[in-house]
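Containing mmCIF, C-alpha atoms: run12.cif.
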data_query
loop_
_atom_site.label_atom_id
_atom_site.label_comp_id
_atom_site.auth_asym_id
_atom_site.auth_seq_id
_atom_site.Cartn_x
_atom_site.Cartn_y
_atom_site.Cartn_z
CA MET G 96 77.15 -44.44 100.89
CA ASN G 97 79.16 -47.58 100.67
CA ARG G 98 80.52 -47.34 104.17
CA PHE G 99 78.71 -48.61 107.22
CA GLU G 100 77.08 -45.65 108.86
CA ASN G 101 74.33 -45.37 111.35
CA ASP G 102 71.27 -43.19 110.94
CA ASP G 103 73.10 -40.13 112.23
CA GLY G 104 75.83 -40.51 109.67
CA ARG G 105 78.45 -41.33 112.24
CA GLU G 106 80.83 -43.96 111.08
CA GLU G 107 80.71 -47.11 113.10
CA GLN G 108 83.78 -48.15 114.96
CA GLY G 109 83.72 -51.55 113.37
CA ALA G 110 83.25 -50.25 109.85
CA GLU G 111 86.73 -51.14 108.79
CA ALA G 112 86.38 -54.58 110.25
CA ALA G 113 83.13 -55.04 108.37
CA GLU G 114 84.68 -53.92 105.12
CA GLY G 115 87.51 -56.34 105.73
CA MET G 116 85.02 -59.11 106.33
CA ILE G 117 83.24 -58.25 103.10
CA LEU G 118 86.46 -58.51 101.16
CA ASP G 119 87.26 -61.74 102.89
CA LEU G 120 83.86 -63.28 102.18
CA ALA G 121 83.94 -62.11 98.58
CA ARG G 122 86.77 -64.54 97.94
CA LEU G 123 84.11 -67.22 97.91
CA ARG G 124 82.88 -67.36 94.33
CA PRO G 125 79.21 -68.21 93.76
CA ALA G 126 78.65 -71.49 91.98
CA ALA G 127 77.83 -71.18 88.31
CA PRO G 128 74.39 -72.20 87.10
CA SER G 129 73.90 -75.24 84.95
CA LEU G 130 74.58 -75.12 81.23
CA ALA G 131 70.92 -75.77 80.57
CA LEU G 132 69.95 -72.43 82.10
CA ARG G 133 71.69 -70.50 79.36
CA GLU G 134 69.94 -72.58 76.72
CA ARG G 135 66.58 -72.05 78.38
CA ILE G 136 67.09 -68.30 78.52
CA ALA G 137 68.23 -68.26 74.90
CA ALA G 138 65.12 -70.17 73.91
CA ASP G 139 62.91 -67.78 75.83
CA LEU G 140 64.53 -64.70 74.33
CA ALA G 141 64.35 -66.19 70.84
CA ALA G 142 60.70 -67.12 71.13
CA PRO G 143 58.04 -64.53 70.40
CA LEU G 144 56.22 -63.23 73.40
CA SER G 145 53.08 -65.18 72.63
CA MET G 146 55.01 -68.46 72.44
CA GLU G 147 57.12 -67.87 75.48
CA THR G 148 58.73 -70.01 76.88
CA THR G 149 60.40 -73.33 77.41
CA SER G 150 57.41 -73.95 79.57
CA SER G 151 54.79 -71.64 80.84
CA SER G 152 55.16 -73.17 84.23
CA ARG G 153 58.70 -71.95 84.52
CA LEU G 154 57.82 -68.30 84.27
CA PRO G 155 55.34 -67.20 86.83
CA THR G 156 52.81 -64.91 85.27
CA THR G 157 52.12 -62.09 87.63
CA ALA G 158 49.91 -59.81 85.55
CA PRO G 159 46.90 -62.12 85.14
CA ARG G 160 47.15 -63.15 88.75
CA SER G 161 46.90 -59.58 89.90
CA PHE G 162 43.39 -59.26 88.46
CA ALA G 163 42.23 -62.77 89.12
CA TRP G 164 40.87 -61.84 92.53
CA LEU G 165 38.79 -59.04 91.00
CA GLY G 166 37.28 -61.29 88.34
CA GLU G 167 36.40 -63.90 90.89
CA ARG G 168 34.69 -61.40 93.14
CA MET G 169 32.77 -59.86 90.26
CA LEU G 170 31.63 -63.32 89.27
CA TRP G 171 30.29 -63.94 92.75
CA ALA G 172 28.57 -60.56 92.77
CA ALA G 173 26.93 -61.24 89.41
CA GLY G 174 25.80 -64.64 90.61
CA GLY G 175 24.21 -63.08 93.66
CA ALA G 176 22.43 -60.47 91.57
CA ILE G 177 21.07 -63.13 89.23
CA ALA G 178 19.91 -65.25 92.14
CA ALA G 179 18.07 -62.24 93.55
CA ALA G 180 16.50 -61.33 90.22
CA VAL G 181 15.19 -64.78 89.32
CA PRO G 182 12.39 -64.86 91.94
CA LEU G 183 11.32 -61.38 90.88
CA LEU G 184 11.16 -62.40 87.25
CA LEU G 185 9.23 -65.55 88.06
CA GLN G 186 6.53 -63.73 90.06
CA PRO G 187 3.09 -63.68 88.42
CA ARG G 188 2.56 -60.49 86.52
CA PRO G 189 -0.24 -58.14 87.67
CA LEU G 190 -3.42 -57.78 85.63
CA PRO G 191 -3.19 -55.52 82.60
CA ALA G 192 -3.70 -51.87 83.33
CA GLU G 193 -6.91 -51.69 81.31
CA ALA G 194 -8.48 -54.40 83.45
CA LEU G 195 -7.99 -52.44 86.67
CA PRO G 196 -9.18 -49.04 87.81
CA ALA G 197 -6.59 -46.46 86.90
CA ASP G 198 -6.70 -44.52 90.14
CA THR G 199 -8.33 -45.71 93.32
CA ASN G 200 -7.81 -42.42 95.10
CA ARG G 201 -9.40 -40.06 92.68
CA PRO G 202 -12.32 -38.03 94.01
CA ALA G 203 -15.88 -39.13 93.65
CA VAL G 204 -17.15 -38.68 90.17
CA ALA G 205 -20.48 -37.94 88.65
CA PHE G 206 -22.57 -37.69 91.74
CA ASP G 207 -25.38 -36.29 89.70
CA GLN G 208 -25.16 -39.09 87.23
CA ALA G 209 -24.92 -41.66 90.00
CA GLU G 210 -27.94 -40.34 91.73
CA ALA G 211 -29.81 -40.06 88.48
CA ALA G 212 -29.27 -43.66 87.59
CA PRO G 213 -29.35 -45.71 90.74
CA ARG G 214 -29.06 -49.43 90.42
CA GLY G 215 -30.02 -50.21 93.91
CA ALA G 216 -28.25 -52.18 96.59
CA ARG G 217 -26.94 -55.11 94.67
CA ALA G 218 -23.69 -55.74 96.41
CA PRO G 219 -24.22 -58.24 99.17
CA ASP G 220 -20.59 -58.12 100.33
CA MET G 221 -20.48 -54.36 100.59
CA PRO G 222 -19.07 -53.05 103.84
CA ALA G 223 -21.75 -52.48 106.39
CA ALA G 224 -22.42 -48.75 106.37
CA ALA G 225 -26.14 -48.68 106.95
CA PRO G 226 -26.84 -47.08 103.63
CA THR G 227 -29.89 -45.02 103.29
CA ALA G 228 -29.37 -44.60 99.60
CA ILE G 229 -27.05 -46.33 97.24
CA ALA G 230 -26.15 -45.12 93.83
CA ALA G 231 -23.91 -46.42 91.12
CA ALA G 232 -22.06 -44.40 88.55
CA ALA G 233 -21.91 -45.60 85.03
CA PRO G 234 -18.42 -46.93 84.33
CA GLN G 235 -16.20 -45.04 82.01
CA GLY G 236 -16.02 -46.41 78.56
CA VAL G 237 -19.51 -47.77 78.49
CA ALA G 238 -20.30 -45.59 75.55
CA ALA G 239 -17.60 -47.27 73.53
CA GLU G 240 -18.89 -50.73 74.02
CA PRO G 241 -20.24 -52.64 71.04
CA GLN G 242 -23.82 -52.12 70.18
CA GLY G 243 -26.09 -54.76 71.56
CA VAL G 244 -23.70 -56.02 74.16
CA ALA G 245 -24.68 -53.62 76.93
CA ALA G 246 -28.32 -54.24 76.20
CA GLN G 247 -27.93 -57.91 76.99
CA GLY G 248 -26.32 -57.18 80.34
CA PRO G 249 -23.37 -59.08 81.78
CA PHE G 250 -23.81 -62.77 82.32
CA ALA G 251 -21.13 -62.79 84.99
CA GLU G 252 -19.45 -60.32 87.28
CA GLU G 253 -16.26 -60.57 89.22
CA SER G 254 -15.61 -58.31 92.18
CA LEU G 255 -12.15 -56.76 91.90
CA ALA G 256 -11.76 -54.26 94.72
CA TRP G 257 -13.49 -51.99 97.20
CA SER G 258 -12.40 -48.49 98.08
CA ASP G 259 -13.70 -46.27 100.84
CA ASP G 260 -13.14 -42.61 99.94
CA GLY G 261 -14.47 -41.49 103.28
CA VAL G 262 -17.01 -38.80 104.06
CA GLN G 263 -17.36 -36.07 101.48
CA PHE G 264 -19.75 -33.19 101.08
CA ILE G 265 -21.99 -33.41 98.06
CA ASP G 266 -22.59 -29.99 96.59
CA GLY G 267 -20.66 -28.72 99.54
CA GLN G 268 -23.58 -29.32 101.90
CA ILE G 269 -24.69 -32.93 102.24
CA PRO G 270 -22.24 -35.17 104.04
CA ALA G 271 -22.02 -38.61 102.52
CA ARG G 272 -19.70 -41.53 102.62
CA VAL G 273 -18.40 -42.49 99.19
CA ILE G 274 -17.58 -46.11 98.52
CA ARG G 275 -16.30 -47.43 95.23
CA HIS G 276 -16.51 -50.94 93.91
CA TRP G 277 -14.77 -52.23 90.83
CA VAL G 278 -16.29 -55.11 89.01
CA LEU G 279 -15.20 -57.07 85.99
CA GLU G 280 -18.15 -57.71 83.72
CA ARG G 281 -18.26 -60.59 81.31
CA PHE G 282 -20.57 -60.36 78.31
CA PRO G 283 -21.42 -63.18 75.96
CA GLY G 284 -19.93 -62.41 72.58
CA ALA G 285 -21.44 -63.02 69.23
CA ASP G 286 -18.57 -65.23 68.23
CA GLY G 287 -18.70 -67.17 71.48
CA ASP G 288 -15.50 -65.70 72.94
CA GLY G 289 -17.27 -63.09 75.03
CA LEU G 290 -16.18 -59.63 76.13
CA VAL G 291 -14.71 -58.48 79.40
CA ARG G 292 -14.80 -54.92 80.68
CA PRO G 293 -14.30 -53.24 84.04
CA ARG G 294 -17.02 -51.31 85.76
CA GLU G 295 -16.84 -48.87 88.62
CA ASP G 296 -19.73 -48.55 91.03
CA VAL G 297 -19.87 -45.52 93.28
CA PHE G 298 -21.98 -45.80 96.40
CA VAL G 299 -22.91 -42.52 98.02
CA VAL G 300 -24.21 -43.06 101.54
CA PRO G 301 -25.58 -39.95 103.26
CA VAL G 302 -24.49 -39.77 106.83
CA ALA G 303 -25.48 -37.63 109.77
CA LEU G 304 -22.69 -35.83 111.54
CA ARG G 305 -23.13 -35.45 115.27
CA MET B 120 65.64 -61.78 69.99
CA ASP B 121 68.90 -63.66 70.31
CA ASP B 122 70.97 -60.60 71.04
CA PRO B 123 74.56 -61.73 71.72
CA ALA B 124 74.87 -58.91 74.23
CA TRP B 125 72.84 -60.81 76.76
CA HIS B 126 75.44 -63.61 76.78
CA ALA B 127 78.05 -61.23 78.19
CA TRP B 128 75.55 -60.07 80.75
CA TYR B 129 74.66 -63.61 81.60
CA ASP B 130 78.31 -64.57 82.06
CA ARG B 131 78.82 -61.67 84.41
CA HIS B 132 75.68 -61.95 86.51
CA ALA B 133 74.25 -65.47 86.28
CA ALA B 134 76.20 -67.01 89.17
CA ARG B 135 75.51 -64.01 91.40
CA LEU B 136 71.85 -64.03 90.52
CA LEU B 137 71.68 -67.73 91.23
CA LEU B 138 73.22 -67.25 94.65
CA TYR B 139 70.76 -64.47 95.34
CA ALA B 140 67.79 -66.61 94.27
CA ARG B 141 68.98 -69.41 96.49
CA GLN B 142 68.39 -67.26 99.51
CA TRP B 143 64.72 -68.13 99.08
CA LEU B 144 64.82 -71.32 97.07
CA ALA B 145 66.91 -74.05 98.58
CA ASP B 146 67.04 -76.32 95.60
CA ARG B 147 69.18 -75.33 92.70
CA ALA B 148 66.61 -76.07 90.00
CA SER B 149 64.04 -73.74 91.51
CA ALA B 150 66.64 -71.01 91.91
CA GLU B 151 67.58 -71.39 88.25
CA ASP B 152 63.92 -71.06 87.34
CA ALA B 153 63.82 -67.77 89.20
CA VAL B 154 66.96 -66.54 87.47
CA GLN B 155 65.55 -67.54 84.11
CA GLY B 156 62.27 -65.78 84.70
CA GLY B 157 63.80 -62.59 86.03
CA PHE B 158 66.53 -62.41 83.43
CA VAL B 159 64.17 -62.94 80.51
CA LYS B 160 61.67 -60.42 81.77
CA VAL B 161 64.23 -57.70 82.28
CA TRP B 162 66.06 -58.37 79.06
CA ARG B 163 62.84 -58.35 77.09
CA GLY B 164 62.08 -54.93 78.50
CA CYS B 165 65.31 -53.48 77.16
CA ARG B 166 65.41 -51.55 73.92
CA PRO B 167 67.93 -52.65 71.30
CA GLY B 168 71.42 -51.63 72.33
CA GLU B 169 70.33 -50.96 75.87
CA THR B 170 71.58 -52.89 78.87
CA PRO B 171 69.41 -53.72 81.85
CA ASP B 172 69.58 -51.86 85.09
CA VAL B 173 71.41 -54.08 87.57
CA PRO B 174 69.19 -53.39 90.61
CA LEU B 175 66.17 -54.00 88.41
CA LEU B 176 67.62 -57.33 87.36
CA TYR B 177 68.09 -58.42 90.96
CA ALA B 178 64.66 -57.14 91.89
CA ALA B 179 63.14 -59.17 89.07
CA VAL B 180 64.90 -62.33 90.19
CA ARG B 181 63.80 -61.65 93.75
CA SER B 182 60.21 -61.29 92.62
CA GLU B 183 60.39 -64.52 90.65
CA ALA B 184 61.93 -66.34 93.59
CA LEU B 185 59.22 -65.13 95.93
CA ASP B 186 56.51 -66.14 93.48
CA LEU B 187 58.02 -69.57 93.11
CA LEU B 188 58.37 -69.86 96.83
CA LYS B 189 54.69 -69.06 97.33
CA SER B 190 53.52 -71.42 94.64
CA ARG B 191 55.53 -74.28 96.03
CA ALA B 192 55.13 -73.42 99.67
CA ARG B 193 52.23 -75.70 100.34
CA ARG B 194 53.62 -78.86 98.87
CA ARG B 195 57.25 -78.31 99.56
CA ALA B 196 57.28 -76.15 102.63
CA ARG B 197 59.79 -78.27 104.40
CA GLU B 198 62.05 -78.71 101.42
CA ASP B 199 62.26 -75.04 100.59
CA ARG B 200 63.36 -74.11 104.03
CA PHE B 201 67.01 -73.69 104.44
CA ALA B 202 68.66 -76.83 105.59
CA ALA B 203 72.32 -76.89 106.28
CA GLY B 204 74.15 -79.86 104.98
CA SER B 205 71.98 -80.27 101.90
CA GLY B 206 75.11 -81.12 99.97
CA ASP B 207 74.38 -78.47 97.36
CA ALA B 208 77.15 -75.94 97.84
CA TRP B 209 76.62 -72.30 97.03
CA TRP B 210 80.26 -71.78 96.12
CA GLU B 211 82.61 -72.89 93.41
CA ASP B 212 85.27 -75.34 94.40
CA ASP B 213 88.40 -73.33 94.94
CA PRO B 214 91.67 -74.91 96.03
CA LEU B 215 92.68 -71.65 97.64
CA VAL B 216 89.67 -71.62 99.95
CA SER B 217 89.08 -74.04 102.76
CA GLN B 218 86.02 -76.10 101.95
CA GLU B 219 85.30 -76.41 105.60
CA ARG B 220 85.12 -72.67 105.98
CA ALA B 221 83.07 -72.27 102.81
CA ALA B 222 80.54 -74.70 104.19
CA ALA B 223 80.60 -72.90 107.53
CA VAL B 224 79.89 -69.56 105.86
CA GLN B 225 76.96 -71.08 103.98
CA GLY B 226 75.63 -72.65 107.16
CA ALA B 227 75.96 -69.40 109.07
CA LEU B 228 74.29 -67.42 106.30
CA GLU B 229 71.37 -69.82 106.30
CA GLN B 230 70.75 -69.04 109.94
CA LEU B 231 70.48 -65.30 109.40
CA PRO B 232 67.13 -63.58 108.90
CA ILE B 233 66.32 -63.22 105.22
CA GLU B 234 66.49 -59.41 105.36
CA GLN B 235 70.07 -59.48 106.62
CA ARG B 236 71.05 -62.37 104.40
CA GLU B 237 69.90 -60.79 101.14
CA ALA B 238 71.57 -57.51 102.05
CA ILE B 239 74.85 -59.33 102.68
CA VAL B 240 74.62 -61.37 99.49
CA LEU B 241 73.92 -58.29 97.40
CA ARG B 242 76.72 -56.35 99.05
CA VAL B 243 79.38 -59.06 99.22
CA TRP B 244 78.87 -61.34 96.26
CA SER B 245 76.86 -59.20 93.87
CA GLY B 246 79.06 -56.18 94.52
CA LEU B 247 76.17 -53.73 94.65
CA SER B 248 76.52 -50.43 96.44
CA PHE B 249 74.11 -49.55 99.21
CA PRO B 250 72.12 -47.20 96.96
CA GLU B 251 71.80 -50.03 94.46
CA ILE B 252 70.79 -52.47 97.18
CA ALA B 253 68.25 -49.95 98.42
CA ARG B 254 66.78 -49.68 94.92
CA THR B 255 66.70 -53.44 94.57
CA LEU B 256 64.84 -53.92 97.82
CA GLY B 257 62.83 -50.74 97.74
CA GLU B 258 64.24 -49.72 101.08
CA ASN B 259 66.13 -46.82 102.59
CA GLU B 260 69.92 -46.80 102.18
CA ASN B 261 70.47 -46.52 105.89
CA THR B 262 68.15 -49.42 106.47
CA VAL B 263 70.01 -51.75 104.14
CA ALA B 264 73.36 -50.60 105.54
CA ALA B 265 72.16 -51.34 109.06
CA ARG B 266 70.88 -54.74 108.00
CA CYS B 267 74.19 -55.54 106.37
CA ARG B 268 76.15 -54.37 109.40
CA ARG B 269 74.06 -56.38 111.84
CA GLY B 270 74.10 -59.38 109.53
CA LEU B 271 77.89 -59.38 109.25
CA ALA B 272 78.21 -59.11 112.99
CA ALA B 273 75.84 -62.00 113.45
CA LEU B 274 77.60 -63.98 110.76
CA GLU B 275 80.89 -63.59 112.54
CA ARG B 276 79.36 -64.85 115.76
CA LEU B 277 77.77 -67.80 114.01
CA LEU B 278 80.95 -68.98 112.37
CA PRO B 279 82.69 -71.77 114.27
CA GLU B 280 85.73 -70.79 116.26
CA GLY B 281 88.19 -72.27 113.81
CA CYS B 282 86.59 -70.62 110.79
CA ARG B 283 86.76 -66.99 111.85
CA GLU B 284 90.18 -66.42 110.46
CA PRO B 285 90.39 -64.89 107.01
CA LEU B 286 89.82 -67.30 104.18
#
Encoded form (structure tokens):
Amino acid sequence: MNRFENDDGREEQGAEAAEGMILDLARLRPAAPSLALRERIAADLAAPLSMETTSSSRLPTTAPRSFAWLGERMLWAAGGAIAAAVPLLLQPRPLPAEALPADTNRPAVAFDQAEAAPRGARAPDMPAAAPTAIAAAAPQGVAAEPQGVAAQGPFAEESLAWSDDGVQFIDGQIPARVIRHWVLERFPGADGDGLVRPREDVFVVPVALR
Amino acid sequence: MDDPAWHAWYDRHAARLLLYARQWLADRASAEDAVQGGFVKVWRGCRPGETPDVPLLYAAVRSEALDLLKSRARRRAREDRFAAGSGDAWWEDDPLVSQERAAAVQGALEQLPIEQREAIVLRVWSGLSFPEIARTLGENENTVAARCRRGLAALERLLPEGCREPL
């Protein structure tokens, strides 16, 4: 379609005039480029691709530019992620798992044992529950402690946490409120370093349901 | 890769490509940069014994010219705009053609919208067919034909009264 036609394919009335104008204008010959342009192109074509060209500034590089925006955005995103992660990494780590009770929601344990070996009310900061009887369960792992250490008794205790398990029925009949207390015991060691172990106290407080 | 074949191609197309590049880049040096970049890119993409596709060559020069125009837009915005009377003629001196009319044609072309101007340049001085122009610009054939038609009509109106006669 070298003729001037409109979208319907109908030939314009002035098509011949336009063609005549094209021929008329074509008599103007475009100015030739400078002699240096041929030499520059010859140098570029002779040079290997990696060493192109007379100057890198002369040939705009489109390929790297097309991905530059992506790299810049990914850099910003990575920076943001790092900035968010740094405070998390700098936070103080929690106590080791062995120094804390494994499960604060597990059911009351060893009621019989607790009642058989009461230690008495020896927790002054225990929640006020008007206890009529207080029992403590022997902490797990006591049997594995070094001989002679338990006999001496702890020289220091550190209260770790309280847990109220709520009212439970002992033997399915006696309602009682079960309260747990975790304590970190410190024993003097033979070598002077001392030992540290956790202890779990279970307080069983009989209650009257109205 | 100093293939002598490119010299023949250069002789045939360089002046036309330069005129085409000057539709975006007013100064001759920048337009030559665009021609250099486009020509080298296209010729490098050719296999031995193969000649470049003409619309692709013009499209490459157009792309280079636009890139150069963008990169220099901020610091040379005013310079790169088309300014009649810059003294840098687009045409060869030809004793058979009135210099006054040649300058008038250049001045009138510079006033046309770029879409019409590039269509006219490709049609008139590059000798491309409308399908080839459409491939160069990535447009519909009817679209480029309409642009060319409207551009020629506008060009005729823009030419001074004494310059409307045939060259």
If you take all atoms listed in the file and a cut-off of 7 Å, which residues of chain B touch chain G, and what are their nearest atom pairs and distances in Å to one decimal, in chain and number order, as a tab-separated table?
residue	atom	partner	partner_atom	distance
B:Met120	CA	G:Ala141	CA	4.7
B:Asp121	CA	G:Ala141	CA	5.2
B:Ala133	CA	G:Pro128	CA	6.8
B:Ala134	CA	G:Ala127	CA	4.6
B:Arg135	CA	G:Pro125	CA	6.1
B:Leu137	CA	G:Pro128	CA	6.7
B:Leu138	CA	G:Pro125	CA	6.1
B:Glu151	CA	G:Leu132	CA	6.7
B:Asp152	CA	G:Arg153	CA	6.0
B:Gln155	CA	G:Ile136	CA	5.8
B:Gly156	CA	G:Leu154	CA	5.1
B:Val159	CA	G:Ile136	CA	6.4
B:Glu183	CA	G:Pro155	CA	6.9
B:Asp186	CA	G:Pro155	CA	6.8
B:Trp209	CA	G:Ala126	CA	5.5
B:Trp210	CA	G:Pro125	CA	4.4
B:Glu211	CA	G:Ala126	CA	4.4
B:Val243	CA	G:Ala121	CA	5.5
B:Trp244	CA	G:Ala121	CA	5.6
B:Ser248	CA	G:Asn97	CA	5.7
B:Phe249	CA	G:Asn97	CA	5.6
B:Pro250	CA	G:Met96	CA	7.0
B:Asn261	CA	G:Asp102	CA	6.1
B:Ala264	CA	G:Phe99	CA	6.0
B:Ala265	CA	G:Asn101	CA	6.8
B:Arg268	CA	G:Phe99	CA	6.7
B:Leu271	CA	G:Ala113	CA	6.9
B:Pro285	CA	G:Asp119	CA	6.1
B:Leu286	CA	G:Asp119	CA	6.3
| message | Report, in Å to a single decimal, how far apart atom CA of B:Pro279 and atom CA of B:Gln230 are. | response | 13.0 Å
| field | Spatial neighbours of B:Leu228, 8 Å, only C-alpha atoms, chain gap at least 4 places, as number ranges by chain | value | B: 224, 236, 274
| Answer key for the PyMOL selection byres ((chain G and resi 256-263) around 6), residues as a list in words | Leu255, Phe264, Pro270, Ala271, Arg272, Val273, Ile274, Arg275, His276 and Trp277 of chain G
| Hey, can you check how far atom CA of B:Tyr129 sits from atom CA of B:Arg220? | 28.0 Å
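Atom pair atom CA of G:Ser254 / atom CA of G:Val278: separated by 4.6 Å.
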